[in-house]
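Data block below; observations after.
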Amino acid sequence: MSRDDRHAIVIGAGIAGLLTARVLAEFCTRVTILERDTADAGTVRRGVGQGRHLHGLLDRGRAVLEDLYPGCTAELVAAGAHTAEVLVGTRWYIGGLRVMPTATGLTSVIATRPLLESVLRRRTVALSNVELREGITVRGLTGNGERITGVRVASDGGPRPDGVPAMAGADLGGEATDEAATSAGGRECCAGAETAAVPEDPVLHADLVVDASGRGSRICEWLRACGAPVPGEERLAVDLGYVSRYYRHREGLLDGQRSAIVSTGADGRGGGAVHVEGDRWLVTLAGMAGDHPPADAASFGAYAATLSAPDIHDIVSATVPLGDPVPFRFRSSVRRRFDRLPAVPAALIVLGDAQCAFNPLYAQGMTVAALQAAVLRECLRLDLSLDELPARFYATADAPTTTAWQLAASSDLRHPAVTGRRGLRTRLANAYVAQAQRAAHRDPLVARTFMRVAHLVEPPAALLQPALAARILLRGNGAASVEPVDR
Ligand SMILES: Cc1cc2nc3c(=O)[nH]c(=O)nc-3n(C[C@H](O)[C@H](O)[C@H](O)COP(=O)(O)OP(=O)(O)OC[C@H]3O[C@@H](n4cnc5c(N)ncnc54)[C@H](O)[C@@H]3O)c2cc1C
C-alpha cells in the first residue's frame, strides 16, 4: 500500500487498535480510530471490562511495544509502573513450589491495564495523521465479498452492541455526514443481518478497514451480511472466573518483591498479586471449569487461602482493601480462522481479540496483538496491493498466533474438566511440560528456558534441545525429590 492518499479506519481503541493505528500511520495519509467508549486516560473503560483485572505483559510483547514506541517502558515507569527481572522480582509458583529465582533476561512490566493503555494511547494520538473519534459505534461494513470499502456507524453513537444504553453526543464530524449521503445509493452490505444497520446509518469510507473491536466483535455477522466468506471458529471452553480487588500496598510483604503469581494447579485454582501504580496491590484470583472465586468480600480471602502457595493470602490478610471485589467470566478461548479461508475480501484485516481471544491465564493476548501488528507492518513494507494484503497478513500472522494458541490449549487440556481432544501429541507434550515444571524448581537453566518459552521469546522447541532435555528428564523426574527453594 503506498502512502499516497490512503485512509485507514481502525475499529476499536484497545491495545490491538492502538498498535495497528501506530503501524498504519507509517503507510497511510490518514488513520481514523473509531471507539465506542469515551474515557479519561487511566480509567477502566466500559468496553474493556477486563481492564480491572491483572494484565501481565510478556517480554516479547514489551519488545514489540518498544520497537513501535521507543522509550515506552521508561514512560510507564515514570507514570508509576514497576519493572522487574521475571523470576527474581516475581515469585512464580507452580504446583506449590517456587520456580527457581534466576536471571532470565526477561523484564516484567507491572502496571494496570488502564495505565498501559493510556501510555500507548497518548503516543498513538500524538501522531499527526492519526485521529481518535470516541463515542462512535461501528455497526457493519460496506462492500461485498470481493472488497470492503468502509464502515457503517451509529449516528447517535449507540446503541452499543452489548445492549448498554446509547451514548449521546457522539461527534461524527462533517465527513460522516457527507458520506452518509454517498452511501444511500450503495447498500450492497448488511441487508438482513442480525445487527442490520438501519438505512440512516452514516457510512465512513476507507481504503483499508481493520477490525480490532475485541472479543465481542461482530465481524462474522458483518461479513455474512456483505455476502463475504465467514471464517470457521475454533473454541475451547474453559469457563474461567476471575475476581480482582485492590489493596493498599504495605512494605515488608514478599520481602520487597513486586509480585507473586500462583499458577493454576490440578484443581484449576490460581492467582496473582502485583504491586501496581498508586501504591496498591492488585490481587486477582482465578478458577477454571466453573470453580470460580467468590465475588463477595468475606469469602475472597478464604478462596485465596486455598491456593497452592500462601503469598497471596498473606497479602490479602495483612493489607487494607480498597473497593469491592470485581468478577469477570471468560467462557471460551475463540480463534477465527481467517488464515484458512480460500479467499478473503480485499482491504479488511481482523486482528487482536477479534481474531483470536486467548485464555487470559497465560497473559498472551496483548503480546499476540502486538505480534500481529508487527506482522502487518512487515506486510505493508512489501508494498502489496490492498487485494493481496489480507491473505499475506493472515498467512504470516498464523505462526505466532498458533504458537500461543497451542501453548495455552495444551495447558488448558491438562485440566480434566476441560473438554477437548487429547491426542497422543498433546498427552506426550503435557507429560514433558510437567517434568520441565518440576525441573524448573531446582535447575536454573530449565527455569530460564521455561520462562522464555512462556514469554514467547523462544519457541517451545527450545525445551527439547538435547542438553536441556537431559536436565529435564533427570531433574524433573517425578521420583526425584524437590527441595523447596526459599520463598
Ligand atoms: C480477564 C482478562 C484478563 C486478561 N489478562 C491479560 C494479561 O494478563 N495479559 C495479556 O496480554 N492479555 C490479557 N488479556 C487479554 C487482553 O485484554 C487482550 O488480548 C488485549 O487487550 C487485546 O485486545 P483488543 O485490543 O483486541 O480488544 P479490547 O481490548 O477488548 O479492545 C476492543 C476495543 O474495541 C471497542 N469496540 C468494540 N466494539 C466496537 C464497535 N462496534 N465500534 C467501536 N468500538 C468498538 C471497545 O470499546 C474496546 O475499546 C486478558 C483478558 C481478559 C478477559
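In the C-alpha cells, each chain is lettered A, B, ... as it comes, each chain's residues begin at 1, and ligands are numbered from 1 in order of appearance.
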Quiz prompt | In stretch 219-384 of chain A, DSSP strand (DSSP E or B) residues written as a PyMOL selection string | solution = chain A and resi 233-248+259-262+269-276+280-287+321-336+346+348-350+356-357
Quiz prompt | Close residues to ligand 1 using only C-alpha atoms and all ligand atoms, limit 6 Å, as a PyMOL selection string | solution = chain A and resi 11-17+34-37+47-48+50+53-57+136-139+212-215+217+328+352-354+360+363-367+369
Output for the residues just chosen: N, CA and C atoms as an mmCIF file, in the first residue's frame:
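Saved result, selection-v7.cif, follows:
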data_model
loop_
_atom_site.group_PDB
_atom_site.id
_atom_site.type_symbol
_atom_site.label_atom_id
_atom_site.label_comp_id
_atom_site.auth_asym_id
_atom_site.auth_seq_id
_atom_site.Cartn_x
_atom_site.Cartn_y
_atom_site.Cartn_z
ATOM 1 N N ILE A 11 -11.267 -0.105 13.868
ATOM 2 C CA ILE A 11 -12.427 -0.193 14.771
ATOM 3 C C ILE A 11 -11.927 -0.646 16.140
ATOM 4 N N GLY A 12 -12.010 0.241 17.121
ATOM 5 C CA GLY A 12 -11.615 -0.108 18.487
ATOM 6 C C GLY A 12 -10.275 0.490 18.876
ATOM 7 N N ALA A 13 -10.266 1.157 20.030
ATOM 8 C CA ALA A 13 -9.024 1.770 20.549
ATOM 9 C C ALA A 13 -8.514 1.001 21.748
ATOM 10 N N GLY A 14 -8.617 -0.342 21.698
ATOM 11 C CA GLY A 14 -7.952 -1.176 22.705
ATOM 12 C C GLY A 14 -6.474 -1.293 22.336
ATOM 13 N N ILE A 15 -5.813 -2.253 22.944
ATOM 14 C CA ILE A 15 -4.367 -2.403 22.675
ATOM 15 C C ILE A 15 -4.137 -2.710 21.193
ATOM 16 N N ALA A 16 -4.919 -3.650 20.648
ATOM 17 C CA ALA A 16 -4.715 -4.033 19.241
ATOM 18 C C ALA A 16 -4.974 -2.845 18.321
ATOM 19 N N GLY A 17 -6.038 -2.104 18.589
ATOM 20 C CA GLY A 17 -6.384 -0.972 17.724
ATOM 21 C C GLY A 17 -5.322 0.116 17.766
ATOM 22 N N LEU A 34 -12.041 4.461 15.407
ATOM 23 C CA LEU A 34 -13.409 4.658 15.889
ATOM 24 C C LEU A 34 -13.593 3.838 17.154
ATOM 25 N N GLU A 35 -13.951 4.477 18.239
ATOM 26 C CA GLU A 35 -14.063 3.801 19.531
ATOM 27 C C GLU A 35 -15.417 4.150 20.157
ATOM 28 N N ARG A 36 -16.151 3.135 20.559
ATOM 29 C CA ARG A 36 -17.494 3.417 21.076
ATOM 30 C C ARG A 36 -17.468 4.025 22.483
ATOM 31 N N ASP A 37 -16.395 3.772 23.235
ATOM 32 C CA ASP A 37 -16.301 4.337 24.588
ATOM 33 C C ASP A 37 -15.742 5.744 24.554
ATOM 34 N N GLY A 47 -16.084 -0.643 27.664
ATOM 35 C CA GLY A 47 -15.891 -1.658 26.626
ATOM 36 C C GLY A 47 -14.742 -2.618 26.935
ATOM 37 N N VAL A 48 -13.994 -2.326 27.981
ATOM 38 C CA VAL A 48 -12.837 -3.170 28.306
ATOM 39 C C VAL A 48 -12.951 -3.592 29.770
ATOM 40 N N GLN A 50 -12.186 -6.200 31.141
ATOM 41 C CA GLN A 50 -11.017 -6.922 31.658
ATOM 42 C C GLN A 50 -9.972 -5.977 32.238
ATOM 43 N N HIS A 53 -8.691 -6.202 35.814
ATOM 44 C CA HIS A 53 -8.020 -7.426 36.254
ATOM 45 C C HIS A 53 -6.541 -7.400 35.870
ATOM 46 N N LEU A 54 -5.805 -8.256 36.557
ATOM 47 C CA LEU A 54 -4.351 -8.304 36.364
ATOM 48 C C LEU A 54 -4.013 -8.486 34.877
ATOM 49 N N HIS A 55 -3.149 -7.646 34.373
ATOM 50 C CA HIS A 55 -2.694 -7.745 32.989
ATOM 51 C C HIS A 55 -1.171 -7.808 32.965
ATOM 52 N N GLY A 56 -0.643 -8.998 32.769
ATOM 53 C CA GLY A 56 0.806 -9.146 32.640
ATOM 54 C C GLY A 56 1.190 -8.976 31.178
ATOM 55 N N LEU A 57 2.273 -8.233 30.955
ATOM 56 C CA LEU A 57 2.759 -8.056 29.579
ATOM 57 C C LEU A 57 3.974 -8.953 29.389
ATOM 58 N N ILE A 136 -18.254 6.476 19.189
ATOM 59 C CA ILE A 136 -18.798 6.065 17.890
ATOM 60 C C ILE A 136 -18.795 4.540 17.791
ATOM 61 N N THR A 137 -19.983 3.984 17.588
ATOM 62 C CA THR A 137 -20.119 2.533 17.481
ATOM 63 C C THR A 137 -20.223 2.128 16.021
ATOM 64 N N VAL A 138 -19.366 1.216 15.603
ATOM 65 C CA VAL A 138 -19.461 0.669 14.241
ATOM 66 C C VAL A 138 -20.526 -0.421 14.254
ATOM 67 N N ARG A 139 -21.406 -0.406 13.235
ATOM 68 C CA ARG A 139 -22.486 -1.404 13.211
ATOM 69 C C ARG A 139 -22.424 -2.335 12.011
ATOM 70 N N ALA A 212 -10.487 -4.239 15.117
ATOM 71 C CA ALA A 212 -9.754 -4.518 16.362
ATOM 72 C C ALA A 212 -10.723 -4.290 17.518
ATOM 73 N N SER A 213 -11.962 -4.789 17.327
ATOM 74 C CA SER A 213 -13.003 -4.462 18.303
ATOM 75 C C SER A 213 -13.135 -5.503 19.413
ATOM 76 N N GLY A 214 -12.162 -6.391 19.516
ATOM 77 C CA GLY A 214 -12.097 -7.244 20.699
ATOM 78 C C GLY A 214 -12.939 -8.505 20.626
ATOM 79 N N ARG A 215 -13.025 -9.168 21.781
ATOM 80 C CA ARG A 215 -13.703 -10.481 21.865
ATOM 81 C C ARG A 215 -15.137 -10.431 21.374
ATOM 82 N N SER A 217 -16.385 -8.819 18.981
ATOM 83 C CA SER A 217 -16.512 -8.378 17.581
ATOM 84 C C SER A 217 -17.661 -9.092 16.875
ATOM 85 N N PHE A 328 -15.213 -11.363 36.696
ATOM 86 C CA PHE A 328 -15.211 -11.416 35.223
ATOM 87 C C PHE A 328 -15.297 -12.885 34.845
ATOM 88 N N GLY A 352 -6.058 -8.933 16.768
ATOM 89 C CA GLY A 352 -6.289 -8.836 18.213
ATOM 90 C C GLY A 352 -7.323 -9.862 18.648
ATOM 91 N N ASP A 353 -8.036 -9.552 19.721
ATOM 92 C CA ASP A 353 -9.017 -10.495 20.244
ATOM 93 C C ASP A 353 -10.133 -10.771 19.243
ATOM 94 N N ALA A 354 -10.388 -9.856 18.330
ATOM 95 C CA ALA A 354 -11.427 -10.087 17.324
ATOM 96 C C ALA A 354 -11.057 -11.292 16.460
ATOM 97 N N PRO A 360 -7.078 -15.868 29.394
ATOM 98 C CA PRO A 360 -6.202 -14.837 29.971
ATOM 99 C C PRO A 360 -5.170 -15.349 30.963
ATOM 100 N N ALA A 363 -1.632 -14.789 29.873
ATOM 101 C CA ALA A 363 -1.180 -13.411 29.603
ATOM 102 C C ALA A 363 -0.647 -13.235 28.176
ATOM 103 N N GLN A 364 -1.309 -13.829 27.210
ATOM 104 C CA GLN A 364 -0.780 -13.796 25.841
ATOM 105 C C GLN A 364 -1.444 -12.742 24.946
ATOM 106 N N GLY A 365 -2.661 -12.297 25.327
ATOM 107 C CA GLY A 365 -3.483 -11.518 24.395
ATOM 108 C C GLY A 365 -2.810 -10.257 23.878
ATOM 109 N N MET A 366 -2.258 -9.456 24.781
ATOM 110 C CA MET A 366 -1.659 -8.194 24.336
ATOM 111 C C MET A 366 -0.417 -8.473 23.485
ATOM 112 N N THR A 367 0.319 -9.506 23.870
ATOM 113 C CA THR A 367 1.546 -9.803 23.112
ATOM 114 C C THR A 367 1.217 -10.317 21.714
ATOM 115 N N ALA A 369 -1.456 -9.613 20.046
ATOM 116 C CA ALA A 369 -1.936 -8.429 19.308
ATOM 117 C C ALA A 369 -0.735 -7.623 18.804
#
Quiz item: How would you write, as a PyMOL selection string, the set of residues in stretch 277-395 of chain A that DSSP gives as helix (DSSP H, G or I)?
Solution: chain A and resi 297-304+311-318+338-340+352-354+360-362+365-381+389-395
Self-check item: Nearby residues (only C-alpha atoms) at most 6 Å from stretch 84-98 of chain A, same-chain spacing under 2 positions excluded, as a VMD selection string
Solution: chain A and resid 101 to 102 106 to 108 257 to 263 265 308 to 309 484
Quiz prompt | For A:Asp291: contacts at 12 Å, only C-alpha atoms, fewer than 4 positions along chain excluded, given as a list of chain:residue names | solution =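 Non-adjacent residues within range: A:Val238, A:Asp239, A:Leu240, A:Gly241, A:Tyr242, A:Val243, A:Thr264, A:Asp267, A:Gly268, A:Arg269, A:Gly270, A:Leu285, A:Ala286, A:Gly287, A:Tyr303, A:Arg329, A:His415, A:Ala417, A:Val418.
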Just the selected residues (N, CA, C and O atoms), exported as a PDB file, in the first residue's frame, please.
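Ended up saving to out-v5.pdb:
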ATOM      1  N   VAL A 238     -13.346 -23.086  28.657  1.00  0.00           N
ATOM      2  CA  VAL A 238     -12.577 -23.219  29.903  1.00  0.00           C
ATOM      3  C   VAL A 238     -13.377 -22.753  31.119  1.00  0.00           C
ATOM      4  O   VAL A 238     -12.989 -23.014  32.248  1.00  0.00           O
ATOM      5  N   ASP A 239     -14.459 -22.044  30.877  1.00  0.00           N
ATOM      6  CA  ASP A 239     -15.307 -21.473  31.930  1.00  0.00           C
ATOM      7  C   ASP A 239     -14.475 -20.968  33.108  1.00  0.00           C
ATOM      8  O   ASP A 239     -14.559 -21.454  34.235  1.00  0.00           O
ATOM      9  N   LEU A 240     -13.708 -19.947  32.799  1.00  0.00           N
ATOM     10  CA  LEU A 240     -12.785 -19.363  33.775  1.00  0.00           C
ATOM     11  C   LEU A 240     -13.451 -18.195  34.490  1.00  0.00           C
ATOM     12  O   LEU A 240     -14.130 -17.378  33.855  1.00  0.00           O
ATOM     13  N   GLY A 241     -13.279 -18.130  35.786  1.00  0.00           N
ATOM     14  CA  GLY A 241     -13.768 -16.971  36.541  1.00  0.00           C
ATOM     15  C   GLY A 241     -12.597 -16.214  37.142  1.00  0.00           C
ATOM     16  O   GLY A 241     -11.654 -16.822  37.665  1.00  0.00           O
ATOM     17  N   TYR A 242     -12.619 -14.882  37.015  1.00  0.00           N
ATOM     18  CA  TYR A 242     -11.626 -14.014  37.645  1.00  0.00           C
ATOM     19  C   TYR A 242     -12.364 -13.162  38.672  1.00  0.00           C
ATOM     20  O   TYR A 242     -13.493 -12.713  38.405  1.00  0.00           O
ATOM     21  N   VAL A 243     -11.760 -12.918  39.807  1.00  0.00           N
ATOM     22  CA  VAL A 243     -12.255 -11.875  40.712  1.00  0.00           C
ATOM     23  C   VAL A 243     -11.041 -11.086  41.177  1.00  0.00           C
ATOM     24  O   VAL A 243     -10.033 -11.669  41.585  1.00  0.00           O
ATOM     25  N   THR A 264      -2.203 -21.862  38.020  1.00  0.00           N
ATOM     26  CA  THR A 264      -3.318 -22.765  38.318  1.00  0.00           C
ATOM     27  C   THR A 264      -2.787 -24.192  38.395  1.00  0.00           C
ATOM     28  O   THR A 264      -2.026 -24.638  37.534  1.00  0.00           O
ATOM     29  N   ASP A 267      -6.184 -28.418  40.527  1.00  0.00           N
ATOM     30  CA  ASP A 267      -7.556 -28.053  40.899  1.00  0.00           C
ATOM     31  C   ASP A 267      -8.076 -26.859  40.098  1.00  0.00           C
ATOM     32  O   ASP A 267      -9.216 -26.432  40.285  1.00  0.00           O
ATOM     33  N   GLY A 268      -7.248 -26.294  39.229  1.00  0.00           N
ATOM     34  CA  GLY A 268      -7.695 -25.200  38.371  1.00  0.00           C
ATOM     35  C   GLY A 268      -7.748 -23.855  39.072  1.00  0.00           C
ATOM     36  O   GLY A 268      -8.249 -22.887  38.518  1.00  0.00           O
ATOM     37  N   ARG A 269      -7.199 -23.786  40.293  1.00  0.00           N
ATOM     38  CA  ARG A 269      -7.215 -22.508  41.009  1.00  0.00           C
ATOM     39  C   ARG A 269      -5.846 -21.845  40.961  1.00  0.00           C
ATOM     40  O   ARG A 269      -4.817 -22.537  41.074  1.00  0.00           O
ATOM     41  N   GLY A 270      -5.843 -20.533  40.839  1.00  0.00           N
ATOM     42  CA  GLY A 270      -4.585 -19.806  40.831  1.00  0.00           C
ATOM     43  C   GLY A 270      -4.837 -18.344  41.114  1.00  0.00           C
ATOM     44  O   GLY A 270      -5.954 -17.945  41.467  1.00  0.00           O
ATOM     45  N   LEU A 285      -7.831 -13.429  41.674  1.00  0.00           N
ATOM     46  CA  LEU A 285      -7.976 -14.866  41.909  1.00  0.00           C
ATOM     47  C   LEU A 285      -8.676 -15.466  40.704  1.00  0.00           C
ATOM     48  O   LEU A 285      -9.530 -14.818  40.090  1.00  0.00           O
ATOM     49  N   ALA A 286      -8.327 -16.707  40.374  1.00  0.00           N
ATOM     50  CA  ALA A 286      -8.893 -17.330  39.177  1.00  0.00           C
ATOM     51  C   ALA A 286      -9.261 -18.776  39.456  1.00  0.00           C
ATOM     52  O   ALA A 286      -8.595 -19.451  40.243  1.00  0.00           O
ATOM     53  N   GLY A 287     -10.324 -19.219  38.812  1.00  0.00           N
ATOM     54  CA  GLY A 287     -10.708 -20.624  38.922  1.00  0.00           C
ATOM     55  C   GLY A 287     -11.288 -21.105  37.606  1.00  0.00           C
ATOM     56  O   GLY A 287     -12.098 -20.419  36.974  1.00  0.00           O
ATOM     57  N   TYR A 303     -10.937 -18.003  49.693  1.00  0.00           N
ATOM     58  CA  TYR A 303     -10.542 -18.653  48.432  1.00  0.00           C
ATOM     59  C   TYR A 303      -9.028 -18.524  48.249  1.00  0.00           C
ATOM     60  O   TYR A 303      -8.354 -19.484  47.853  1.00  0.00           O
ATOM     61  N   ARG A 329     -16.168 -13.195  33.910  1.00  0.00           N
ATOM     62  CA  ARG A 329     -16.277 -14.585  33.462  1.00  0.00           C
ATOM     63  C   ARG A 329     -15.815 -14.709  32.020  1.00  0.00           C
ATOM     64  O   ARG A 329     -16.264 -13.972  31.143  1.00  0.00           O
ATOM     65  N   HIS A 415      -6.340 -29.793  32.458  1.00  0.00           N
ATOM     66  CA  HIS A 415      -7.417 -29.811  33.448  1.00  0.00           C
ATOM     67  C   HIS A 415      -8.473 -30.813  32.997  1.00  0.00           C
ATOM     68  O   HIS A 415      -9.022 -30.700  31.901  1.00  0.00           O
ATOM     69  N   ALA A 417     -11.525 -31.293  33.521  1.00  0.00           N
ATOM     70  CA  ALA A 417     -12.894 -30.852  33.210  1.00  0.00           C
ATOM     71  C   ALA A 417     -12.973 -30.068  31.896  1.00  0.00           C
ATOM     72  O   ALA A 417     -14.068 -29.760  31.425  1.00  0.00           O
ATOM     73  N   VAL A 418     -11.835 -29.738  31.313  1.00  0.00           N
ATOM     74  CA  VAL A 418     -11.873 -29.013  30.034  1.00  0.00           C
ATOM     75  C   VAL A 418     -12.053 -30.032  28.921  1.00  0.00           C
ATOM     76  O   VAL A 418     -11.276 -30.993  28.805  1.00  0.00           O
TER      77      VAL A 418
END
Applying 12 Å and only C-alpha atoms, which residues near A:Leu65 remain after dropping the ones on its own chain fewer than 5 positions away? List them as a compact mmCIF listing (two decimals) with N, CA and C atoms, in the first residue's frame.
# COMPACT_ATOMS: atom_id res chain seq x y z
N ILE A 15 -5.81 -2.25 22.94
CA ILE A 15 -4.37 -2.40 22.68
C ILE A 15 -4.14 -2.71 21.19
N ALA A 16 -4.92 -3.65 20.65
CA ALA A 16 -4.71 -4.03 19.24
C ALA A 16 -4.97 -2.84 18.32
N LEU A 18 -4.82 0.40 18.95
CA LEU A 18 -3.80 1.46 19.08
C LEU A 18 -2.52 1.07 18.36
N LEU A 19 -2.09 -0.18 18.56
CA LEU A 19 -0.84 -0.62 17.91
C LEU A 19 -1.00 -0.62 16.40
N THR A 20 -2.17 -1.05 15.95
CA THR A 20 -2.40 -1.09 14.50
C THR A 20 -2.41 0.32 13.91
N ARG A 22 -0.84 2.82 15.08
CA ARG A 22 0.56 3.27 15.07
C ARG A 22 1.30 2.74 13.83
N VAL A 23 1.06 1.46 13.50
CA VAL A 23 1.71 0.87 12.33
C VAL A 23 1.19 1.53 11.05
N LEU A 57 2.27 -8.23 30.95
CA LEU A 57 2.76 -8.06 29.58
C LEU A 57 3.97 -8.95 29.39
N LEU A 58 3.87 -9.91 28.48
CA LEU A 58 5.01 -10.80 28.24
C LEU A 58 6.17 -10.01 27.62
N ASP A 59 7.37 -10.50 27.84
CA ASP A 59 8.53 -9.74 27.38
C ASP A 59 8.57 -9.59 25.86
N ARG A 60 8.06 -10.60 25.16
CA ARG A 60 8.04 -10.47 23.69
C ARG A 60 7.15 -9.31 23.27
N PRO A 70 9.49 3.81 21.00
CA PRO A 70 10.75 3.79 21.74
C PRO A 70 10.62 4.55 23.07
N GLY A 71 11.13 3.93 24.12
CA GLY A 71 11.10 4.58 25.43
C GLY A 71 9.81 4.36 26.21
N CYS A 72 8.90 3.52 25.68
CA CYS A 72 7.61 3.41 26.37
C CYS A 72 7.73 2.72 27.73
N THR A 73 8.70 1.80 27.88
CA THR A 73 8.86 1.16 29.19
C THR A 73 9.24 2.23 30.22
N ALA A 74 10.18 3.09 29.86
CA ALA A 74 10.59 4.15 30.78
C ALA A 74 9.42 5.09 31.06
N GLU A 75 8.61 5.33 30.04
CA GLU A 75 7.46 6.21 30.22
C GLU A 75 6.45 5.59 31.20
N LEU A 76 6.29 4.28 31.08
CA LEU A 76 5.39 3.58 32.01
C LEU A 76 5.93 3.68 33.44
N VAL A 109 6.76 -5.87 33.14
CA VAL A 109 6.25 -4.53 33.39
C VAL A 109 5.02 -4.71 34.27
N LEU A 116 -1.21 1.10 31.15
CA LEU A 116 -0.54 0.65 29.93
C LEU A 116 -1.23 1.26 28.70
N GLU A 117 -2.55 1.13 28.70
CA GLU A 117 -3.31 1.62 27.55
C GLU A 117 -3.17 3.13 27.40
N VAL A 119 -0.70 5.09 28.13
CA VAL A 119 0.59 5.49 27.55
C VAL A 119 0.59 5.24 26.04
N LEU A 120 0.07 4.07 25.65
CA LEU A 120 0.03 3.74 24.21
C LEU A 120 -0.92 4.69 23.47
N ARG A 123 0.73 8.14 23.00
CA ARG A 123 1.74 8.13 21.95
C ARG A 123 1.09 7.99 20.56
N THR A 124 0.01 7.23 20.48
CA THR A 124 -0.60 7.00 19.16
C THR A 124 -1.33 8.26 18.67
N MET A 366 -2.26 -9.46 24.78
CA MET A 366 -1.66 -8.19 24.34
C MET A 366 -0.42 -8.47 23.49
N THR A 367 0.32 -9.51 23.87
CA THR A 367 1.55 -9.80 23.11
C THR A 367 1.22 -10.32 21.71
N VAL A 368 0.21 -11.17 21.60
CA VAL A 368 -0.14 -11.66 20.25
C VAL A 368 -0.69 -10.49 19.42
N ALA A 369 -1.46 -9.61 20.05
CA ALA A 369 -1.94 -8.43 19.31
C ALA A 369 -0.74 -7.62 18.80
N ALA A 370 0.28 -7.49 19.65
CA ALA A 370 1.48 -6.73 19.25
C ALA A 370 2.21 -7.45 18.11
N LEU A 371 2.30 -8.79 18.22
CA LEU A 371 2.98 -9.54 17.16
C LEU A 371 2.22 -9.44 15.84
N GLN A 372 0.89 -9.44 15.93
CA GLN A 372 0.09 -9.31 14.71
C GLN A 372 0.28 -7.91 14.09
N ALA A 373 0.35 -6.91 14.96
CA ALA A 373 0.60 -5.55 14.44
C ALA A 373 1.97 -5.50 13.76
N ALA A 374 2.95 -6.19 14.35
CA ALA A 374 4.29 -6.22 13.74
C ALA A 374 4.26 -6.94 12.40
Quiz item: Which is closer to A:Val209 than all the others in A:Leu473, A:Val375, A:Val77, A:Ala347, using only C-alpha atoms?
Solution: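 Counting only C-alpha atoms, the residue closest to A:Val209 is A:Ala347.
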Quiz item: Quick one, how far is atom CA of A:Arg62 from atom CA of A:Arg448?
Solution: 17.8 Å
